[in-house]
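Accompanying notes for the structure given below.
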Amino acid sequence: MTNELDTLLTALYVLVDDHVVPPRVGRGRRPELTDSELITMAVAQVLQRYDSERRWIRHIHADSGWRAMFPAMLGQSGYHKRLKTAQPLLCKAILALAACCPSWFDDMWITNATPVPWGMSRETVKRSDLAGHASYGYCASHSRWYWGLKLYLVCSGDGMPVMWCLANPKLGEREVLAALLADNRHFIRNGQVLLADKGFAGKEFKKLTAAMGLELLRPDRKDETYRNGNLGGVRQRIESVNQTLKGQLDLEAHGGRTPAGVFTRVTQRLLAMATAIWHNWTTDLTSKRSLIAFDH
């Protein structure tokens, strides 16, 4: 474990313990591993790129530095069950981190949908517990078919998640995003700009977003008159977010086998990304304050 990672996890634990996990009240035995420690451990697992929970638990037991940070450890089964139960807290932690960053007040959000494949064989498709939730979809960026779910993500300009959901890839993108925005309407500020891709074109969808107070901005299609151009430079931001999730945080190697398991592990990776963005903002603002103090 590096000193920088230790600092990040310690700061995350303090924020989660103070603002995310509610205090336990009433009778009953307190768990040796608290929810704050569990969430911190879940983020550490993703940042250390341990896709297997069993290997992650074994690694903590074998390393004195990790044992010192998490002295009350669980077995793989207990860790898995606790993590699924704590899924609402993972979501709450993401929003708590987002609200601490200056980008929370940005006037522009970006959105996109990306495949979350699981299981390539026909036998897996037939026997999986995801049957009925997952389906076949087409990934245009890789020119291939996949079986799984699709992640819809709305984030700020720096990639900080604001709202997200998983959906069957056969559902229309505009319908899913409209439902996601409607469920999280309390986050939308009047005049907020939503940057999307060509797949979210349509008069009805534009009217719907306008009624919510959103200004929809998307690249022009080939059959349209010039409005916004291709927005290539700005659209690259959401592509970099997807690349971070898949290339560095192993989104496609989530290993979930049930709907609850997949959603928990996807949220776990979104929380790890949110933690890194929040830490970058925190260290950047701290260094600027130090420079100001030094100048005085």
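Labeling convention for the structure tokens: chains A, B, ... as they appear, residues from 1 per chain, ligands from 1 in order of appearance.
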
Open item on the list: as a ChimeraX atom specification, please: every residue in stretch 1-235 of chain A that DSSP puts in strand (DSSP E or B).
Closed with: /A:108-117,131,134-139,144-156,161-167,192-195,214-217

For stretch 24-77 of chain A versus stretch 266-281 of chain A, which residues have an atom no more than 12 Å away, and what is each residue's nearest atom pair and distance in Å rounded to one decimal, using only C-alpha atoms, chain-then-number order, as a tab-separated table?
residue	atom	partner	partner_atom	distance
A:Leu38	CA	A:Gln268	CA	11.3
A:Ile39	CA	A:Gln268	CA	8.6
A:Thr40	CA	A:Ala272	CA	9.4
A:Met41	CA	A:Gln268	CA	10.3
A:Ala42	CA	A:Gln268	CA	6.6
A:Val43	CA	A:Ala272	CA	5.0
A:Ala44	CA	A:Ala272	CA	7.8
A:Gln45	CA	A:Ala272	CA	8.9
A:Val46	CA	A:Arg269	CA	6.3
A:Leu47	CA	A:Ala272	CA	6.6
A:Gln48	CA	A:Ala272	CA	10.3
A:Arg49	CA	A:Arg269	CA	10.1
A:Tyr50	CA	A:Arg269	CA	11.4
A:Asp51	CA	A:Arg269	CA	10.5

Selection above as a file: all heavy atoms, as a JSON list (two decimals), in the first residue's frame:
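Output file result.json follows:
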[["chain", "number", "residue", "atom", "x", "y", "z"],
["A", 38, "LEU", "N", -16.46, -1.12, 5.55],
["A", 38, "LEU", "CA", -16.86, -1.96, 4.42],
["A", 38, "LEU", "C", -16.83, -1.16, 3.11],
["A", 38, "LEU", "O", -16.31, -1.64, 2.10],
["A", 38, "LEU", "CB", -18.26, -2.51, 4.67],
["A", 38, "LEU", "CG", -18.85, -3.39, 3.55],
["A", 38, "LEU", "CD1", -18.17, -4.75, 3.53],
["A", 38, "LEU", "CD2", -20.35, -3.55, 3.74],
["A", 39, "ILE", "N", -17.38, 0.04, 3.13],
["A", 39, "ILE", "CA", -17.40, 0.88, 1.92],
["A", 39, "ILE", "C", -15.98, 1.26, 1.51],
["A", 39, "ILE", "O", -15.63, 1.24, 0.32],
["A", 39, "ILE", "CB", -18.26, 2.13, 2.17],
["A", 39, "ILE", "CG1", -19.73, 1.71, 2.34],
["A", 39, "ILE", "CG2", -18.12, 3.12, 1.03],
["A", 39, "ILE", "CD1", -20.64, 2.84, 2.76],
["A", 40, "THR", "N", -15.15, 1.61, 2.49],
["A", 40, "THR", "CA", -13.75, 1.93, 2.20],
["A", 40, "THR", "C", -13.03, 0.74, 1.59],
["A", 40, "THR", "O", -12.26, 0.87, 0.63],
["A", 40, "THR", "CB", -13.04, 2.39, 3.47],
["A", 40, "THR", "OG1", -13.76, 3.47, 4.08],
["A", 40, "THR", "CG2", -11.62, 2.85, 3.17],
["A", 41, "MET", "N", -13.29, -0.44, 2.13],
["A", 41, "MET", "CA", -12.68, -1.66, 1.61],
["A", 41, "MET", "C", -13.14, -1.94, 0.19],
["A", 41, "MET", "O", -12.36, -2.40, -0.66],
["A", 41, "MET", "CB", -13.02, -2.84, 2.52],
["A", 41, "MET", "CG", -12.27, -4.12, 2.17],
["A", 41, "MET", "SD", -12.87, -5.52, 3.15],
["A", 41, "MET", "CE", -12.55, -4.91, 4.79],
["A", 42, "ALA", "N", -14.42, -1.68, -0.11],
["A", 42, "ALA", "CA", -14.96, -1.92, -1.45],
["A", 42, "ALA", "C", -14.28, -1.01, -2.48],
["A", 42, "ALA", "O", -13.99, -1.44, -3.60],
["A", 42, "ALA", "CB", -16.46, -1.69, -1.45],
["A", 43, "VAL", "N", -14.02, 0.23, -2.10],
["A", 43, "VAL", "CA", -13.32, 1.15, -3.00],
["A", 43, "VAL", "C", -11.88, 0.70, -3.19],
["A", 43, "VAL", "O", -11.35, 0.70, -4.32],
["A", 43, "VAL", "CB", -13.37, 2.58, -2.44],
["A", 43, "VAL", "CG1", -12.46, 3.51, -3.23],
["A", 43, "VAL", "CG2", -14.80, 3.11, -2.46],
["A", 44, "ALA", "N", -11.23, 0.28, -2.11],
["A", 44, "ALA", "CA", -9.84, -0.19, -2.21],
["A", 44, "ALA", "C", -9.74, -1.40, -3.13],
["A", 44, "ALA", "O", -8.77, -1.53, -3.90],
["A", 44, "ALA", "CB", -9.31, -0.53, -0.82],
["A", 45, "GLN", "N", -10.71, -2.28, -3.08],
["A", 45, "GLN", "CA", -10.70, -3.46, -3.94],
["A", 45, "GLN", "C", -10.67, -3.08, -5.41],
["A", 45, "GLN", "O", -9.91, -3.65, -6.20],
["A", 45, "GLN", "CB", -11.93, -4.33, -3.65],
["A", 45, "GLN", "CG", -12.03, -5.55, -4.55],
["A", 45, "GLN", "CD", -13.37, -6.27, -4.45],
["A", 45, "GLN", "OE1", -14.14, -6.00, -3.52],
["A", 45, "GLN", "NE2", -13.65, -7.15, -5.37],
["A", 46, "VAL", "N", -11.49, -2.10, -5.79],
["A", 46, "VAL", "CA", -11.55, -1.69, -7.19],
["A", 46, "VAL", "C", -10.26, -0.97, -7.59],
["A", 46, "VAL", "O", -9.70, -1.21, -8.67],
["A", 46, "VAL", "CB", -12.77, -0.79, -7.44],
["A", 46, "VAL", "CG1", -12.79, -0.28, -8.88],
["A", 46, "VAL", "CG2", -14.05, -1.55, -7.15],
["A", 47, "LEU", "N", -9.78, -0.08, -6.73],
["A", 47, "LEU", "CA", -8.57, 0.67, -7.05],
["A", 47, "LEU", "C", -7.35, -0.24, -7.16],
["A", 47, "LEU", "O", -6.42, 0.05, -7.91],
["A", 47, "LEU", "CB", -8.32, 1.75, -5.99],
["A", 47, "LEU", "CG", -9.36, 2.87, -5.91],
["A", 47, "LEU", "CD1", -9.01, 3.85, -4.81],
["A", 47, "LEU", "CD2", -9.49, 3.59, -7.25],
["A", 48, "GLN", "N", -7.37, -1.34, -6.42],
["A", 48, "GLN", "CA", -6.27, -2.31, -6.50],
["A", 48, "GLN", "C", -6.50, -3.35, -7.60],
["A", 48, "GLN", "O", -5.69, -4.25, -7.79],
["A", 48, "GLN", "CB", -6.12, -3.02, -5.15],
["A", 48, "GLN", "CG", -5.60, -2.14, -4.03],
["A", 48, "GLN", "CD", -4.15, -1.75, -4.23],
["A", 48, "GLN", "OE1", -3.24, -2.53, -3.98],
["A", 48, "GLN", "NE2", -3.93, -0.52, -4.69],
["A", 49, "ARG", "N", -7.65, -3.24, -8.29],
["A", 49, "ARG", "CA", -7.99, -4.07, -9.45],
["A", 49, "ARG", "C", -8.07, -5.55, -9.11],
["A", 49, "ARG", "O", -7.55, -6.41, -9.81],
["A", 49, "ARG", "CB", -6.98, -3.83, -10.59],
["A", 49, "ARG", "CG", -6.86, -2.38, -11.00],
["A", 49, "ARG", "CD", -6.15, -2.19, -12.30],
["A", 49, "ARG", "NE", -6.97, -2.62, -13.43],
["A", 49, "ARG", "CZ", -6.66, -2.33, -14.70],
["A", 49, "ARG", "NH1", -5.59, -1.62, -14.98],
["A", 49, "ARG", "NH2", -7.44, -2.76, -15.68],
["A", 50, "TYR", "N", -8.77, -5.84, -8.00],
["A", 50, "TYR", "CA", -9.07, -7.22, -7.63],
["A", 50, "TYR", "C", -10.52, -7.50, -8.02],
["A", 50, "TYR", "O", -11.45, -7.13, -7.32],
["A", 50, "TYR", "CB", -8.87, -7.43, -6.12],
["A", 50, "TYR", "CG", -7.43, -7.69, -5.73],
["A", 50, "TYR", "CD1", -6.56, -6.64, -5.48],
["A", 50, "TYR", "CD2", -6.95, -8.99, -5.62],
["A", 50, "TYR", "CE1", -5.25, -6.86, -5.13],
["A", 50, "TYR", "CE2", -5.63, -9.24, -5.28],
["A", 50, "TYR", "CZ", -4.79, -8.17, -5.03],
["A", 50, "TYR", "OH", -3.47, -8.40, -4.69],
["A", 51, "ASP", "N", -10.70, -8.16, -9.16],
["A", 51, "ASP", "CA", -12.05, -8.49, -9.61],
["A", 51, "ASP", "C", -12.68, -9.59, -8.76],
["A", 51, "ASP", "O", -13.89, -9.63, -8.58],
["A", 51, "ASP", "CB", -12.02, -8.93, -11.08],
["A", 51, "ASP", "CG", -11.47, -7.84, -11.99],
["A", 51, "ASP", "OD1", -11.70, -6.66, -11.68],
["A", 51, "ASP", "OD2", -10.81, -8.17, -12.99]]

Task: Nearby residues (only C-alpha atoms) at most 12 Å from A:Ala179, same-chain spacing under 3 positions excluded, as a PyMOL selection string - done: chain A and resi 152+163-167+171-176+182-185+205+208-209+212

Would you write out those residues with N, CA, C and O atoms, as a compact mmCIF listing (two decimals), in the first residue's frame?
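Wrote selection24.txt, looks like this:
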# COMPACT_ATOMS: atom_id res chain seq x y z
N TYR A 152 -26.51 3.46 -18.11
CA TYR A 152 -26.83 4.85 -18.46
C TYR A 152 -26.26 5.74 -17.36
O TYR A 152 -26.59 5.57 -16.18
N MET A 163 -26.21 10.69 -11.74
CA MET A 163 -27.30 9.71 -11.74
C MET A 163 -26.95 8.60 -12.72
O MET A 163 -26.22 8.81 -13.68
N TRP A 164 -27.46 7.41 -12.45
CA TRP A 164 -27.11 6.25 -13.27
C TRP A 164 -28.16 5.16 -13.08
O TRP A 164 -28.90 5.15 -12.11
N CYS A 165 -28.18 4.23 -14.03
CA CYS A 165 -29.04 3.06 -13.91
C CYS A 165 -28.57 2.00 -14.89
O CYS A 165 -27.80 2.29 -15.82
N LEU A 166 -29.02 0.77 -14.68
CA LEU A 166 -28.76 -0.34 -15.59
C LEU A 166 -30.09 -0.73 -16.23
O LEU A 166 -31.12 -0.79 -15.56
N ALA A 167 -30.05 -1.02 -17.53
CA ALA A 167 -31.29 -1.35 -18.23
C ALA A 167 -31.03 -2.42 -19.28
O ALA A 167 -29.90 -2.65 -19.70
N LEU A 171 -34.21 -1.97 -24.67
CA LEU A 171 -35.07 -0.81 -24.41
C LEU A 171 -34.52 0.41 -25.13
O LEU A 171 -33.31 0.57 -25.28
N GLY A 172 -35.40 1.30 -25.56
CA GLY A 172 -34.97 2.51 -26.25
C GLY A 172 -34.16 3.42 -25.34
O GLY A 172 -34.52 3.63 -24.18
N GLU A 173 -33.07 3.98 -25.87
CA GLU A 173 -32.19 4.83 -25.07
C GLU A 173 -32.92 6.07 -24.56
O GLU A 173 -32.74 6.48 -23.41
N ARG A 174 -33.74 6.66 -25.42
CA ARG A 174 -34.44 7.88 -25.01
C ARG A 174 -35.45 7.61 -23.89
O ARG A 174 -35.59 8.41 -22.96
N GLU A 175 -36.11 6.45 -23.96
CA GLU A 175 -37.09 6.11 -22.93
C GLU A 175 -36.41 5.87 -21.58
O GLU A 175 -36.90 6.31 -20.53
N VAL A 176 -35.28 5.17 -21.61
CA VAL A 176 -34.57 4.88 -20.35
C VAL A 176 -34.02 6.16 -19.74
O VAL A 176 -34.16 6.40 -18.53
N ALA A 182 -36.42 11.67 -14.89
CA ALA A 182 -37.65 11.91 -14.13
C ALA A 182 -37.51 11.46 -12.68
O ALA A 182 -38.00 12.13 -11.76
N ASP A 183 -36.84 10.32 -12.47
CA ASP A 183 -36.66 9.82 -11.10
C ASP A 183 -35.71 10.69 -10.29
O ASP A 183 -35.75 10.67 -9.05
N ASN A 184 -34.83 11.42 -10.97
CA ASN A 184 -33.85 12.26 -10.27
C ASN A 184 -34.07 13.75 -10.59
O ASN A 184 -33.12 14.53 -10.61
N ARG A 185 -35.31 14.10 -10.80
CA ARG A 185 -35.62 15.47 -11.21
C ARG A 185 -35.20 16.49 -10.17
O ARG A 185 -34.94 17.66 -10.49
N PHE A 205 -38.38 13.83 -27.34
CA PHE A 205 -37.40 13.78 -26.25
C PHE A 205 -36.91 15.18 -25.92
O PHE A 205 -36.71 15.51 -24.74
N LEU A 208 -39.50 16.82 -23.86
CA LEU A 208 -39.52 16.24 -22.52
C LEU A 208 -38.42 16.82 -21.64
O LEU A 208 -38.65 17.20 -20.49
N THR A 209 -37.20 16.91 -22.18
CA THR A 209 -36.09 17.46 -21.41
C THR A 209 -36.29 18.96 -21.16
O THR A 209 -35.95 19.47 -20.08
N MET A 212 -38.40 19.62 -18.23
CA MET A 212 -37.70 19.41 -16.97
C MET A 212 -36.74 20.55 -16.64
O MET A 212 -36.12 20.55 -15.58

- [ ] With a distance cut-off of 10 Å and only C-alpha atoms, select the neighbouring residues of A:His133, excluding the residue or stretch itself and same-chain residues fewer than 2 positions from it, and output the selection as a PyMOL selection string.
- [x] chain A and resi 129-131+135+148-149+166-169+258-259

Task: Selected residue of minimal separation from A:Cys139 among A:Met69, A:Val116, A:Glu53, A:Asn3, counting only C-alpha atoms - done: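 For A:Cys139, the nearest of the candidates is A:Val116.
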
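From atom CA of A:Asn112 back to atom CA of A:Leu153, the distance works out to 5.8 Å.
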
Using only C-alpha atoms, I'd like a table of the residues in stretch 244-267 of chain A that come within 7 Å of stretch 74-97 of chain A; for each, show the closest atom pair and its distance in Å rounded to one decimal, ordered by chain and ascending number, as JSON lines.
{"residue": "A:Ala260", "atom": "CA", "partner": "A:Lys84", "partner_atom": "CA", "distance": 6.9}
{"residue": "A:Gly261", "atom": "CA", "partner": "A:Lys84", "partner_atom": "CA", "distance": 6.6}
{"residue": "A:Thr264", "atom": "CA", "partner": "A:Gln87", "partner_atom": "CA", "distance": 5.6}
{"residue": "A:Thr267", "atom": "CA", "partner": "A:Leu90", "partner_atom": "CA", "distance": 6.7}

Open item on the list: From the options A:Val14, A:Ile57, A:Met73, A:Ala62, which residue's atoms come nearest to A:Pro31, counting only C-alpha atoms?
Closed with: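 Nearest to A:Pro31: A:Met73.
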
TODO: Quote the spacing between atom CA of A:Gln236 and atom CA of A:Arg218 in Å to one decimal place.
DONE: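 These atoms are spaced 12.6 Å apart.
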
- [ ] Figure out the distance between atom CA of A:Cys101 and atom CA of A:Val20, please, to one decimal in Å.
- [x]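 Spanning atom CA of A:Val20 to atom CA of A:Cys101 is a straight-line distance of 15.8 Å.
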
TODO: Tell me which of A:Thr111, A:Thr34, A:Ser103, A:Thr10 sits closest to A:Leu180, counting only C-alpha atoms.
DONE: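 When distances to A:Leu180 are compared using only C-alpha atoms, the smallest one comes from A:Thr111.
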